[in-house]
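Structure file entry_33.cif with mmCIF, C-alpha atoms:
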data_protein
loop_
_atom_site.label_atom_id
_atom_site.label_comp_id
_atom_site.auth_asym_id
_atom_site.auth_seq_id
_atom_site.Cartn_x
_atom_site.Cartn_y
_atom_site.Cartn_z
CA MET A 1390 87.64 8.11 30.74
CA ILE A 1391 84.23 6.43 30.60
CA ALA A 1392 83.11 8.88 27.90
CA ALA A 1393 86.02 7.78 25.70
CA VAL A 1394 85.12 4.11 26.24
CA ILE A 1395 81.50 4.77 25.25
CA ALA A 1396 82.69 6.70 22.18
CA VAL A 1397 84.78 3.69 21.13
CA ALA A 1398 81.74 1.43 21.62
CA LEU A 1399 79.70 3.79 19.43
CA LEU A 1400 82.33 3.68 16.69
CA LEU A 1401 82.51 -0.11 16.80
CA ALA A 1402 78.69 -0.30 16.54
CA VAL A 1403 78.83 1.94 13.46
CA ALA A 1404 81.48 -0.35 11.95
CA ALA A 1405 79.35 -3.42 12.72
CA TYR A 1406 76.31 -1.88 11.03
CA ALA A 1407 78.40 -0.79 8.04
CA CYS A 1408 79.59 -4.38 7.57
CA ALA A 1409 76.46 -6.39 8.46
CA GLY A 1410 73.79 -4.01 7.19
CA GLY A 1411 76.03 -2.98 4.31
CA THR A 1412 76.05 -6.54 2.99
CA ASP A 1413 72.25 -6.50 2.78
CA TYR A 1414 72.23 -3.08 1.12
CA GLY A 1415 74.73 -4.41 -1.39
CA ALA A 1416 72.47 -7.35 -2.20
CA GLY A 1417 69.71 -4.86 -2.92
CA PHE A 1418 72.05 -2.88 -5.17
CA TRP A 1419 72.74 -5.97 -7.27
CA ASP A 1420 69.02 -6.74 -7.32
CA LEU A 1421 68.47 -3.28 -8.82
CA THR A 1422 71.16 -3.74 -11.47
CA ALA A 1423 70.41 -7.39 -12.32
CA GLY A 1424 68.32 -6.48 -15.36
CA GLY A 1425 64.86 -7.53 -16.51
CA ALA A 1426 62.83 -10.55 -15.46
CA GLU A 1427 64.66 -12.94 -17.81
CA ARG A 1428 68.19 -11.60 -17.39
CA GLY A 1429 67.99 -11.08 -13.64
CA ARG A 1430 66.00 -14.11 -12.54
CA ARG A 1431 68.97 -16.15 -11.28
CA PRO A 1432 70.80 -13.34 -9.40
CA ARG A 1433 67.51 -12.38 -7.75
CA TRP A 1434 66.80 -15.96 -6.81
CA LEU A 1435 70.16 -16.11 -5.03
CA ILE A 1436 69.60 -12.73 -3.33
CA ASP A 1437 66.23 -13.89 -1.98
CA HIS A 1438 67.62 -17.12 -0.55
CA ALA A 1439 70.84 -15.62 0.80
CA MET A 1440 69.18 -12.68 2.60
CA ALA A 1441 66.06 -14.34 3.97
CA PRO A 1442 67.45 -15.87 7.20
CA VAL A 1443 69.25 -12.83 8.70
CA TRP A 1444 68.28 -9.58 6.98
CA GLU A 1445 66.22 -8.31 9.92
CA VAL A 1446 68.84 -8.88 12.60
CA ASN A 1447 71.31 -6.42 11.07
CA ASN A 1448 69.20 -3.47 12.20
CA VAL A 1449 70.03 -4.40 15.80
CA TRP A 1450 73.29 -2.49 15.31
CA LEU A 1451 71.43 0.60 14.11
CA VAL A 1452 69.19 0.58 17.18
CA PHE A 1453 72.26 0.19 19.38
CA ILE A 1454 73.87 3.22 17.69
CA PHE A 1455 70.84 5.40 18.36
CA VAL A 1456 70.63 4.31 22.01
CA ILE A 1457 74.29 5.18 22.65
CA MET A 1458 73.99 8.53 20.85
CA TRP A 1459 70.79 9.52 22.63
CA THR A 1460 71.80 8.57 26.16
CA GLY A 1461 75.59 8.83 26.04
CA PHE A 1462 76.07 11.87 23.81
CA PRO A 1463 72.79 13.86 23.79
CA THR A 1464 74.40 17.01 22.35
CA LEU A 1465 75.69 15.01 19.38
CA PHE A 1466 72.29 13.41 18.90
CA GLN A 1467 70.48 16.76 19.00
CA THR A 1468 72.98 18.43 16.67
CA VAL A 1469 72.98 15.69 14.04
CA PHE A 1470 69.23 15.17 13.96
CA SER A 1471 68.50 18.91 13.94
CA ALA A 1472 70.98 19.92 11.26
CA MET A 1473 70.45 16.89 9.00
CA TRP A 1474 66.92 15.75 9.67
CA LEU A 1475 66.06 15.58 5.96
CA PRO A 1476 68.66 13.00 4.81
CA LEU A 1477 68.12 11.00 8.00
CA ALA A 1478 64.33 11.05 7.47
CA LEU A 1479 64.81 9.92 3.87
CA ALA A 1480 67.10 7.12 5.09
CA ALA A 1481 64.46 6.07 7.64
CA ILE A 1482 61.77 6.00 4.95
CA GLY A 1483 64.12 3.94 2.82
CA LEU A 1484 64.60 1.46 5.67
CA VAL A 1485 60.84 0.98 5.99
CA LEU A 1486 60.22 0.67 2.26
CA ARG A 1487 63.16 -1.67 1.86
CA GLY A 1488 61.93 -4.01 4.58
CA ALA A 1489 58.37 -3.96 3.26
CA GLY A 1490 59.54 -4.55 -0.30
CA PHE A 1491 61.70 -7.53 0.60
CA ALA A 1492 59.06 -9.11 2.85
CA LEU A 1493 56.08 -8.64 0.54
CA ARG A 1494 57.41 -9.05 -2.98
CA LYS A 1495 57.62 -12.85 -2.85
CA PRO A 1496 54.23 -13.90 -1.37
CA LEU A 1497 52.17 -11.67 -3.68
CA ARG A 1498 50.39 -13.46 -6.53
CA ARG A 1499 50.04 -10.55 -8.94
CA ILE A 1500 53.08 -9.81 -11.10
CA ALA A 1501 52.49 -6.05 -10.91
CA GLY A 1502 52.57 -6.14 -7.11
CA ARG A 1503 55.74 -8.20 -7.07
CA ARG A 1504 57.46 -5.78 -9.41
CA LEU A 1505 56.32 -2.78 -7.36
CA TYR A 1506 57.63 -4.16 -4.07
CA GLY A 1507 60.77 -5.44 -5.76
CA ALA A 1508 61.46 -1.94 -7.10
CA ALA A 1509 60.87 -0.44 -3.64
CA PHE A 1510 63.36 -2.88 -2.12
CA ALA A 1511 66.02 -2.28 -4.77
CA LEU A 1512 65.77 1.53 -4.92
CA SER A 1513 65.71 1.86 -1.14
CA SER A 1514 68.86 -0.28 -0.96
CA LEU A 1515 70.57 2.37 -3.07
CA LEU A 1516 69.20 5.56 -1.48
CA THR A 1517 69.38 4.58 2.20
CA PRO A 1518 73.17 4.06 2.37
CA PHE A 1519 73.69 7.22 0.31
CA PHE A 1520 71.79 9.43 2.75
CA LEU A 1521 73.38 7.77 5.77
CA GLY A 1522 76.80 8.32 4.21
CA ALA A 1523 75.92 11.94 3.42
CA ALA A 1524 75.03 12.51 7.07
CA VAL A 1525 78.37 11.01 8.14
CA GLY A 1526 80.08 13.35 5.68
CA GLY A 1527 78.32 16.31 7.28
CA ILE A 1528 79.73 15.25 10.64
CA ALA A 1529 83.22 14.56 9.29
CA SER A 1530 83.43 17.94 7.54
CA GLY A 1531 82.42 19.76 10.73
CA ARG A 1532 79.39 21.45 9.21
CA ALA A 1533 76.82 20.13 11.68
CA VAL A 1534 78.04 22.20 14.64
CA PRO A 1535 75.89 22.58 17.78
CA GLY A 1536 73.16 25.13 17.19
CA THR A 1537 73.19 24.69 13.41
CA GLU A 1538 69.77 24.98 11.82
CA ALA A 1539 68.68 22.46 9.23
CA SER A 1540 70.04 23.31 5.80
CA ALA A 1541 71.26 21.57 2.68
CA HIS A 1542 74.72 22.98 3.38
CA ALA A 1543 75.16 20.51 6.25
CA TRP A 1544 74.85 17.43 4.04
CA ALA A 1545 74.90 18.54 0.38
CA ASN A 1546 78.61 19.33 0.14
CA PRO A 1547 81.59 17.66 -1.56
CA THR A 1548 82.59 15.57 1.47
CA SER A 1549 79.03 14.41 2.13
CA ILE A 1550 78.41 13.47 -1.49
CA LEU A 1551 81.66 11.50 -1.62
CA PHE A 1552 80.86 9.74 1.64
CA GLY A 1553 77.44 8.84 0.23
CA LEU A 1554 78.95 7.41 -2.94
CA ILE A 1555 81.57 5.51 -0.96
CA ALA A 1556 78.78 4.07 1.20
CA ILE A 1557 76.97 2.79 -1.91
CA VAL A 1558 80.09 1.27 -3.46
CA SER A 1559 81.18 -0.27 -0.14
CA THR A 1560 77.83 -1.99 0.29
CA ALA A 1561 77.92 -3.19 -3.32
CA PHE A 1562 81.40 -4.59 -2.72
CA LEU A 1563 80.36 -6.44 0.44
CA GLY A 1564 77.17 -7.72 -1.15
CA ALA A 1565 78.97 -9.09 -4.21
CA VAL A 1566 81.64 -10.87 -2.13
CA PHE A 1567 79.10 -12.51 0.16
CA LEU A 1568 76.78 -13.45 -2.72
CA ALA A 1569 79.68 -15.09 -4.56
CA ALA A 1570 80.30 -17.28 -1.53
CA ASP A 1571 76.56 -18.00 -1.21
CA ALA A 1572 76.41 -18.97 -4.88
CA ALA A 1573 79.06 -21.63 -4.25
CA ARG A 1574 77.16 -22.83 -1.18
CA PHE A 1575 73.87 -23.09 -3.09
CA GLY A 1576 75.50 -24.94 -5.98
CA ALA A 1577 75.23 -22.20 -8.64
CA PRO A 1578 78.69 -22.03 -10.26
CA ASP A 1579 77.61 -19.58 -12.96
CA LEU A 1580 76.63 -17.07 -10.25
CA VAL A 1581 79.98 -17.48 -8.50
CA GLY A 1582 81.74 -15.91 -11.49
CA TYR A 1583 78.91 -13.42 -11.96
CA PHE A 1584 79.29 -11.93 -8.49
CA ARG A 1585 83.07 -12.27 -8.32
CA ARG A 1586 83.41 -10.05 -11.38
CA ARG A 1587 81.15 -7.47 -9.75
CA ALA A 1588 83.09 -7.66 -6.51
CA LEU A 1589 86.36 -7.02 -8.34
CA GLY A 1590 84.83 -4.08 -10.19
CA SER A 1591 83.47 -2.69 -6.91
CA VAL A 1592 86.80 -2.85 -5.10
CA VAL A 1593 88.45 -0.95 -7.96
CA ALA A 1594 85.70 1.70 -7.86
CA LEU A 1595 86.07 1.90 -4.08
CA ALA A 1596 89.82 2.51 -4.38
CA VAL A 1597 89.23 5.30 -6.91
CA LEU A 1598 86.62 6.98 -4.71
CA ALA A 1599 88.90 6.70 -1.67
CA ALA A 1600 91.69 8.48 -3.55
CA ILE A 1601 89.28 11.23 -4.64
CA MET A 1602 87.99 11.53 -1.07
CA LEU A 1603 91.50 12.12 0.28
CA THR A 1604 91.99 14.84 -2.31
CA VAL A 1605 88.69 16.58 -1.57
CA THR A 1606 88.94 16.40 2.23
CA ARG A 1607 92.32 18.14 2.16
CA SER A 1608 90.53 21.42 1.52
CA ASP A 1609 86.94 20.64 2.52
CA ALA A 1610 87.61 18.73 5.78
CA PRO A 1611 91.25 19.39 6.75
CA HIS A 1612 91.02 17.87 10.23
CA ILE A 1613 89.80 14.55 8.78
CA TRP A 1614 92.42 14.65 6.04
CA HIS A 1615 95.21 15.18 8.57
CA GLY A 1616 93.90 12.32 10.71
CA LEU A 1617 93.71 9.95 7.77
CA THR A 1618 97.23 10.73 6.60
CA HIS A 1619 98.98 10.59 9.98
CA GLY A 1620 99.26 8.26 12.97
CA VAL A 1621 96.61 5.66 13.74
CA GLY A 1622 94.31 6.86 10.97
CA LEU A 1623 97.01 6.32 8.35
CA GLY A 1624 97.74 2.85 9.73
CA LEU A 1625 94.07 1.90 9.41
CA VAL A 1626 93.91 3.30 5.87
CA ILE A 1627 96.90 1.15 4.95
CA LEU A 1628 95.19 -1.85 6.58
CA ALA A 1629 92.07 -1.22 4.50
CA GLY A 1630 94.23 -1.09 1.36
CA VAL A 1631 95.97 -4.36 2.24
CA CYS A 1632 92.60 -6.03 2.88
CA SER A 1633 91.38 -4.75 -0.50
CA LEU A 1634 94.34 -6.31 -2.30
CA ALA A 1635 93.90 -9.53 -0.35
CA THR A 1636 90.22 -9.67 -1.25
CA GLY A 1637 90.98 -9.17 -4.93
CA TRP A 1638 93.61 -11.91 -4.85
CA LEU A 1639 91.28 -14.32 -3.05
CA LEU A 1640 88.46 -13.64 -5.51
CA LEU A 1641 90.76 -14.57 -8.38
CA ARG A 1642 91.48 -17.93 -6.79
CA ARG A 1643 89.22 -20.86 -7.48
CA SER A 1644 88.11 -21.45 -3.90
CA GLY A 1645 87.75 -17.81 -2.84
CA ALA A 1646 88.06 -18.87 0.81
CA TRP A 1647 88.46 -16.08 3.39
CA SER A 1648 87.33 -13.41 0.90
CA ARG A 1649 84.38 -12.50 3.12
CA ILE A 1650 86.66 -11.90 6.10
CA THR A 1651 89.03 -9.65 4.18
CA ALA A 1652 86.10 -7.77 2.61
CA VAL A 1653 84.70 -7.07 6.07
CA GLY A 1654 88.20 -5.96 7.06
CA VAL A 1655 88.18 -3.35 4.28
CA VAL A 1656 84.96 -1.68 5.44
CA ALA A 1657 85.61 -2.05 9.18
CA ALA A 1658 89.11 -0.56 8.88
CA ALA A 1659 87.78 2.35 6.82
CA VAL A 1660 85.04 3.18 9.34
CA ILE A 1661 87.39 2.95 12.31
CA ALA A 1662 89.94 5.07 10.43
CA TRP A 1663 87.29 7.81 10.12
CA GLY A 1664 86.65 7.67 13.86
CA ALA A 1665 90.35 7.73 14.69
CA ALA A 1666 90.92 10.62 12.28
CA GLN A 1667 88.51 12.98 14.02
CA ARG A 1668 89.52 12.25 17.61
CA PRO A 1669 89.23 13.80 20.15
CA TYR A 1670 86.15 15.28 18.48
CA LEU A 1671 82.66 13.92 17.99
CA ILE A 1672 82.20 16.77 15.48
CA PRO A 1673 85.60 18.00 14.28
CA THR A 1674 86.85 21.24 15.87
CA SER A 1675 83.49 22.08 17.53
CA LEU A 1676 82.43 19.26 19.90
CA THR A 1677 84.86 17.03 21.77
CA VAL A 1678 84.00 13.69 23.32
CA ALA A 1679 84.18 15.21 26.82
CA GLU A 1680 82.00 18.19 25.88
CA GLY A 1681 79.34 16.08 24.19
CA ALA A 1682 79.14 13.39 26.88
CA GLY A 1683 76.03 13.05 29.01
CA ALA A 1684 75.80 12.96 32.78
CA PRO A 1685 78.22 10.57 34.54
CA SER A 1686 75.31 8.48 35.87
CA SER A 1687 73.91 8.10 32.33
CA LEU A 1688 77.33 7.09 31.01
CA ARG A 1689 77.67 4.44 33.70
CA TRP A 1690 74.32 2.92 32.77
CA VAL A 1691 75.18 3.05 29.07
CA GLY A 1692 78.45 1.30 29.88
CA LEU A 1693 76.60 -1.40 31.80
CA VAL A 1694 74.12 -1.95 28.97
CA THR A 1695 76.98 -2.09 26.48
CA LEU A 1696 78.76 -4.69 28.58
CA VAL A 1697 75.61 -6.81 28.77
CA ALA A 1698 75.21 -6.52 24.99
CA VAL A 1699 78.80 -7.61 24.44
CA VAL A 1700 78.37 -10.64 26.70
CA VAL A 1701 74.85 -11.70 25.64
CA VAL A 1702 73.83 -10.21 22.30
CA CYS A 1703 77.09 -10.20 20.34
CA PRO A 1704 77.80 -13.95 20.73
CA ALA A 1705 74.20 -14.77 19.79
CA VAL A 1706 74.37 -12.60 16.66
CA ALA A 1707 77.78 -14.01 15.76
CA PHE A 1708 76.39 -17.55 16.12
CA LEU A 1709 73.43 -16.62 13.90
CA TYR A 1710 75.80 -15.34 11.21
CA TRP A 1711 77.83 -18.55 11.49
CA LEU A 1712 74.71 -20.69 11.07
CA ASP A 1713 73.66 -18.69 8.02
CA THR A 1714 77.03 -18.75 6.27
CA HIS A 1715 77.30 -22.51 6.85
CA GLY A 1716 73.85 -23.25 5.41
CA GLU A 1717 72.26 -24.34 8.69
CA LEU A 1718 69.18 -22.09 8.42
CA GLU A 1719 67.30 -23.87 5.64
CA PRO A 1720 63.49 -23.66 6.07
CA LEU A 1721 61.58 -26.80 7.07
CA SER A 1722 59.87 -28.71 4.27
CA GLY A 1723 56.71 -30.79 4.45
CA ALA A 1724 58.83 -33.96 4.65
CA ASP A 1725 60.80 -32.51 7.58
CA LEU A 1726 57.58 -31.84 9.46
CA ARG A 1727 56.28 -35.34 8.80
CA GLU A 1728 59.51 -36.84 10.06
CA THR A 1729 59.29 -34.94 13.36
CA GLY A 1730 55.57 -35.56 13.85
CA LEU A 1731 54.72 -31.86 13.65
CA ARG A 1732 52.76 -31.98 10.44
CA GLU A 1733 49.40 -32.40 12.16
CA THR A 1734 49.87 -29.22 14.20
CA GLY A 1735 50.14 -26.96 11.19
CA PRO A 1736 48.09 -26.25 8.07
CA ARG A 1737 47.60 -29.33 5.93
CA GLU A 1738 49.56 -29.41 2.70
CA THR A 1739 47.74 -31.00 -0.20
CA ASP A 1740 49.29 -33.53 -2.55
CA THR A 1741 49.00 -30.96 -5.32
CA GLU A 1742 51.00 -28.41 -3.33
CA ARG A 1743 53.67 -30.97 -2.46
CA ALA A 1744 54.03 -31.97 -6.07
CA GLU A 1745 53.99 -28.45 -7.47
CA PRO A 1746 56.93 -28.37 -9.90
CA GLY A 1747 59.85 -26.05 -9.21
CA ARG A 1748 58.81 -24.76 -5.81
CA ASP A 1749 61.64 -22.50 -4.55
CA GLN A 1750 63.93 -24.14 -7.10
CA PRO A 1751 66.72 -22.09 -8.68
CA PRO A 1752 65.95 -20.92 -12.21
CA VAL A 1753 68.23 -22.23 -14.89
CA ALA A 1754 70.66 -19.98 -16.73
CA GLY A 1755 69.76 -19.50 -20.34
CA HIS A 1756 66.26 -20.99 -20.07
CA ALA A 1757 63.92 -18.60 -21.81
CA GLY A 1758 60.58 -17.57 -20.40
CA THR A 1759 61.32 -18.22 -16.74
CA GLN A 1760 61.41 -15.80 -13.87
CA THR A 1761 62.67 -15.80 -10.34
CA PRO A 1762 60.22 -16.78 -7.61
CA GLY A 1763 58.99 -13.50 -6.22
CA HIS A 1764 59.53 -11.75 -9.55
CA GLY A 1765 56.59 -12.86 -11.57
CA GLY A 1766 57.04 -16.54 -12.38
CA THR A 1767 58.05 -20.04 -11.33
CA PRO A 1768 61.16 -21.71 -12.75
CA PRO A 1769 60.85 -25.03 -14.53
CA PRO A 1770 61.55 -28.31 -12.77
CA GLY A 1771 64.21 -30.80 -13.63
CA HIS A 1772 67.27 -28.53 -13.50
CA GLY A 1773 70.13 -28.24 -10.99
CA GLY A 1774 69.43 -31.61 -9.35
CA THR A 1775 66.86 -34.35 -8.93
CA HIS A 1776 63.33 -33.10 -8.40
CA ASP A 1777 61.68 -34.61 -5.35
CA PRO A 1778 57.92 -33.91 -5.39
CA SER A 1779 57.54 -34.91 -1.76
CA ARG A 1780 59.87 -32.09 -0.69
CA GLY A 1781 58.93 -29.47 -3.25
CA GLY A 1782 62.47 -28.55 -4.28
CA ALA A 1783 65.64 -29.68 -6.00
CA THR A 1784 68.04 -32.11 -4.41
CA ASP A 1785 71.65 -31.07 -4.66
CA PRO A 1786 73.57 -34.15 -5.84
CA ASN A 1787 76.63 -33.00 -3.88
CA ARG A 1788 74.77 -32.68 -0.59
CA GLY A 1789 72.14 -35.37 -0.99
CA GLU A 1790 69.46 -33.13 0.52
CA PRO A 1791 67.10 -30.48 -0.72
CA GLU A 1792 68.91 -27.40 -1.93
CA ASN A 1793 65.94 -25.11 -1.49
CA PRO A 1794 63.16 -26.92 0.35
CA ALA A 1795 59.70 -25.49 0.23
CA PRO A 1796 58.62 -23.42 3.21
#

Go through the file and emit its structure as structure tokens.
Amino acid sequence: MIAAVIAVALLLAVAAYACAGGTDYGAGFWDLTAGGAERGRRPRWLIDHAMAPVWEVNNVWLVFIFVIMWTGFPTLFQTVFSAMWLPLALAAIGLVLRGAGFALRKPLRRIAGRRLYGAAFALSSLLTPFFLGAAVGGIASGRAVPGTEASAHAWANPTSILFGLIAIVSTAFLGAVFLAADAARFGAPDLVGYFRRRALGSVVALAVLAAIMLTVTRSDAPHIWHGLTHGVGLGLVILAGVCSLATGWLLLRRSGAWSRITAVGVVAAAVIAWGAAQRPYLIPTSLTVAEGAGAPSSLRWVGLVTLVAVVVVCPAVAFLYWLDTHGELEPLSGADLRETGLRETGPRETDTERAEPGRDQPPVAGHAGTQTPGHGGTPPPGHGGTHDPSRGGATDPNRGEPENPAP
């Protein structure tokens, strides 16, 4: 009984990472496809500002997944990481390069360095979800059985490739939906339409890939196909389809409210449908939940840690997401520090730095010769609001406060 509870917790952690981390991967996908410095300066500006507050916290779910696998289901952990060490190692390298690229591309002064780290961030955002999806496909198709030696057959197969492609398109879909909402929050109406169109295109591509996946798994992974077309798995597939239609309808409306919730519903329902489809197996037809479970004492401790995480960590992370989506995580400006009396405790900001035009200000659509901050240039002042030299950013006339205050 406890093994089944821990298996459900593992599946829910995978769904949480697919939704939270997938949104960040999707932002990186749109960074990669935004175009050159001139064409892509505004989308990249939005991606930088939307991701900055919470991009690191999403990896908490990935760590939680590894802890449950290692301690709760050691046979599963050994099998997966032995049979598919190559795609998982490439995904890990992608995680490191992606984090380094996002963190270092903005502060660098040289344009070449910014472009190098920006390319590392964008490419890793494409390759990492693909290899993670390919590994999931190897599990779903039952190729990574206990005792399997590492080989391309375990992850380079039709089901794995389709799962990898679905992972990329799912993250692109989530990223576009969330960025469209962020564009409205940051007062960039042109980017609202820009990302809504991409979200609609992504949900159509996702539906096509899902249909192809059902066709392929019928012969390549019959246990998964049967689970997805019967019982609980079928119900969750239908739920994912309904959420997809709801998301498309909401994106076509002017407000677009609730589109983020329905988009998360699409991905979460799809992931949970996969888990329900292969029950009672951890690896279809070769390793059941009971067979792969660790010692009862280990499972009890894992259950206790999971309970603590649900009570302590999950509400804190949920509150962080709420703060971010409601625009409450804006960085402090020099004026903010002066108002709270903290200015003297930090590095002194010169009058020249405070009056530097266009600091962290959104670039203007159609203005030639400008680039996104962090991509080789500084946008011109005097657009998108009233420039306030004392705060180093643009004041949103709708909010009456800095839209992007200087750090």

Do you know which residues the PyMOL selection byres ((chain A and resi 1580) around 9) returns on this file, as a PyMOL selection string? chain A and resi 1431-1432+1435+1568-1569+1572-1573+1577-1579+1581-1585

Given the file above and the PyMOL selection byres ((chain A and resi 1449-1466) around 9), which residues are selected, and can you give them as a ChimeraX atom specification? /A:1392,1395-1396,1398-1400,1402-1403,1405-1406,1409-1410,1445-1448,1467-1471,1534-1535,1671-1672,1676,1678,1680-1684,1687-1688,1691-1692,1695

Write the selection just made, keeping C-alpha atoms, as an mmCIF file, in the frame of the given file?
data_model
loop_
_atom_site.group_PDB
_atom_site.id
_atom_site.type_symbol
_atom_site.label_atom_id
_atom_site.label_comp_id
_atom_site.auth_asym_id
_atom_site.auth_seq_id
_atom_site.Cartn_x
_atom_site.Cartn_y
_atom_site.Cartn_z
ATOM 1 C CA ALA A 1392 83.110 8.880 27.900
ATOM 2 C CA ILE A 1395 81.500 4.770 25.250
ATOM 3 C CA ALA A 1396 82.690 6.700 22.180
ATOM 4 C CA ALA A 1398 81.740 1.430 21.620
ATOM 5 C CA LEU A 1399 79.700 3.790 19.430
ATOM 6 C CA LEU A 1400 82.330 3.680 16.690
ATOM 7 C CA ALA A 1402 78.690 -0.300 16.540
ATOM 8 C CA VAL A 1403 78.830 1.940 13.460
ATOM 9 C CA ALA A 1405 79.350 -3.420 12.720
ATOM 10 C CA TYR A 1406 76.310 -1.880 11.030
ATOM 11 C CA ALA A 1409 76.460 -6.390 8.460
ATOM 12 C CA GLY A 1410 73.790 -4.010 7.190
ATOM 13 C CA GLU A 1445 66.220 -8.310 9.920
ATOM 14 C CA VAL A 1446 68.840 -8.880 12.600
ATOM 15 C CA ASN A 1447 71.310 -6.420 11.070
ATOM 16 C CA ASN A 1448 69.200 -3.470 12.200
ATOM 17 C CA GLN A 1467 70.480 16.760 19.000
ATOM 18 C CA THR A 1468 72.980 18.430 16.670
ATOM 19 C CA VAL A 1469 72.980 15.690 14.040
ATOM 20 C CA PHE A 1470 69.230 15.170 13.960
ATOM 21 C CA SER A 1471 68.500 18.910 13.940
ATOM 22 C CA VAL A 1534 78.040 22.200 14.640
ATOM 23 C CA PRO A 1535 75.890 22.580 17.780
ATOM 24 C CA LEU A 1671 82.660 13.920 17.990
ATOM 25 C CA ILE A 1672 82.200 16.770 15.480
ATOM 26 C CA LEU A 1676 82.430 19.260 19.900
ATOM 27 C CA VAL A 1678 84.000 13.690 23.320
ATOM 28 C CA GLU A 1680 82.000 18.190 25.880
ATOM 29 C CA GLY A 1681 79.340 16.080 24.190
ATOM 30 C CA ALA A 1682 79.140 13.390 26.880
ATOM 31 C CA GLY A 1683 76.030 13.050 29.010
ATOM 32 C CA ALA A 1684 75.800 12.960 32.780
ATOM 33 C CA SER A 1687 73.910 8.100 32.330
ATOM 34 C CA LEU A 1688 77.330 7.090 31.010
ATOM 35 C CA VAL A 1691 75.180 3.050 29.070
ATOM 36 C CA GLY A 1692 78.450 1.300 29.880
ATOM 37 C CA THR A 1695 76.980 -2.090 26.480
#

Protein, DNA and RNA residues within 12 Å of (89.5, -5.6, -5.5), only C-alpha atoms, as a PyMOL selection string: chain A and resi 1558-1559+1562-1563+1565-1566+1585-1597+1629-1641+1648+1651-1652+1655

Would you work out the distance separating atom CA of Ala1541 of chain A from atom CA of Thr1517 of chain A, expressed in Å to one decimal?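 Spanning atom CA of Ala1541 of chain A to atom CA of Thr1517 of chain A is a straight-line distance of 17.1 Å.
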
To one decimal place in Å, what is the distance between atom CA of Ile1557 of chain A and atom CA of Pro1518 of chain A?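 Going from atom CA of Ile1557 of chain A over to atom CA of Pro1518 of chain A, I get 5.9 Å.
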
When the PyMOL selection byres ((chain A and resi 1542) around 12) is applied to the file above, which residues end up in the set, as an mmCIF file with C-alpha atoms, keeping the file's coordinate frame?
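What follows is the written file result.cif:
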data_model
loop_
_atom_site.group_PDB
_atom_site.id
_atom_site.type_symbol
_atom_site.label_atom_id
_atom_site.label_comp_id
_atom_site.auth_asym_id
_atom_site.auth_seq_id
_atom_site.Cartn_x
_atom_site.Cartn_y
_atom_site.Cartn_z
ATOM 1 C CA ALA A 1472 70.980 19.920 11.260
ATOM 2 C CA MET A 1473 70.450 16.890 9.000
ATOM 3 C CA LEU A 1475 66.060 15.580 5.960
ATOM 4 C CA PRO A 1476 68.660 13.000 4.810
ATOM 5 C CA ALA A 1523 75.920 11.940 3.420
ATOM 6 C CA ALA A 1524 75.030 12.510 7.070
ATOM 7 C CA GLY A 1526 80.080 13.350 5.680
ATOM 8 C CA GLY A 1527 78.320 16.310 7.280
ATOM 9 C CA ILE A 1528 79.730 15.250 10.640
ATOM 10 C CA SER A 1530 83.430 17.940 7.540
ATOM 11 C CA GLY A 1531 82.420 19.760 10.730
ATOM 12 C CA ARG A 1532 79.390 21.450 9.210
ATOM 13 C CA ALA A 1533 76.820 20.130 11.680
ATOM 14 C CA VAL A 1534 78.040 22.200 14.640
ATOM 15 C CA THR A 1537 73.190 24.690 13.410
ATOM 16 C CA GLU A 1538 69.770 24.980 11.820
ATOM 17 C CA ALA A 1539 68.680 22.460 9.230
ATOM 18 C CA SER A 1540 70.040 23.310 5.800
ATOM 19 C CA ALA A 1541 71.260 21.570 2.680
ATOM 20 C CA ALA A 1543 75.160 20.510 6.250
ATOM 21 C CA TRP A 1544 74.850 17.430 4.040
ATOM 22 C CA ALA A 1545 74.900 18.540 0.380
ATOM 23 C CA ASN A 1546 78.610 19.330 0.140
ATOM 24 C CA PRO A 1547 81.590 17.660 -1.560
ATOM 25 C CA THR A 1548 82.590 15.570 1.470
ATOM 26 C CA SER A 1549 79.030 14.410 2.130
ATOM 27 C CA ILE A 1550 78.410 13.470 -1.490
#

For a quick check of understanding, using only C-alpha atoms, which of A:Leu1712, A:Trp1690, A:Ala1662, A:Tyr1670 has the smallest distance to Leu1401 of chain A?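 Smallest separation from Leu1401 of chain A among the options: A:Ala1662.
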
Would you compute, for all listed atoms of segment 1541-1550 of chain A, the axis-aligned bounding box grown by 8 Å on each side, and then report its centre and edge lengths in Å rounded to one decimal, as AutoDock Vina command-line options?
--center_x 76.9 --center_y 18.2 --center_z 2.3 --size_x 27.3 --size_y 25.5 --size_z 23.8

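Nearest to Asp1437 of chain A of all the residues A:Val1653, A:Pro1704, A:His1715, A:Gly1507 is A:Gly1507, counting only C-alpha atoms.
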
Between atom CA of Ile1555 of chain A and atom CA of Gly1429 of chain A, measure the distance and give it in Å to one decimal.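 Atom CA of Gly1429 of chain A lies 24.9 Å from atom CA of Ile1555 of chain A.
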
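Closest approach to Gly1645 of chain A among A:Val1701, A:Arg1574, A:His1619, A:Trp1614 is made by A:Arg1574 (distances from only C-alpha atoms).
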
Please report as CSV every residue of segment 1422-1486 of chain A lying within 12 Å of segment 1512-1516 of chain A, along with the nearest atom pair and their distance in Å (one decimal), using all atoms listed in the file.
residue,atom,partner,partner_atom,distance
A:Thr1422,CA,A:Leu1512,CA,10.0
A:Pro1476,CA,A:Leu1516,CA,9.8
A:Leu1477,CA,A:Leu1516,CA,11.0
A:Ala1478,CA,A:Leu1516,CA,11.6
A:Leu1479,CA,A:Leu1516,CA,8.2
A:Ala1480,CA,A:Leu1516,CA,7.1
A:Ala1481,CA,A:Ser1513,CA,9.8
A:Ile1482,CA,A:Ser1513,CA,8.4
A:Gly1483,CA,A:Ser1513,CA,4.7
A:Leu1484,CA,A:Ser1513,CA,6.9
A:Val1485,CA,A:Ser1513,CA,8.7
A:Leu1486,CA,A:Ser1513,CA,6.6
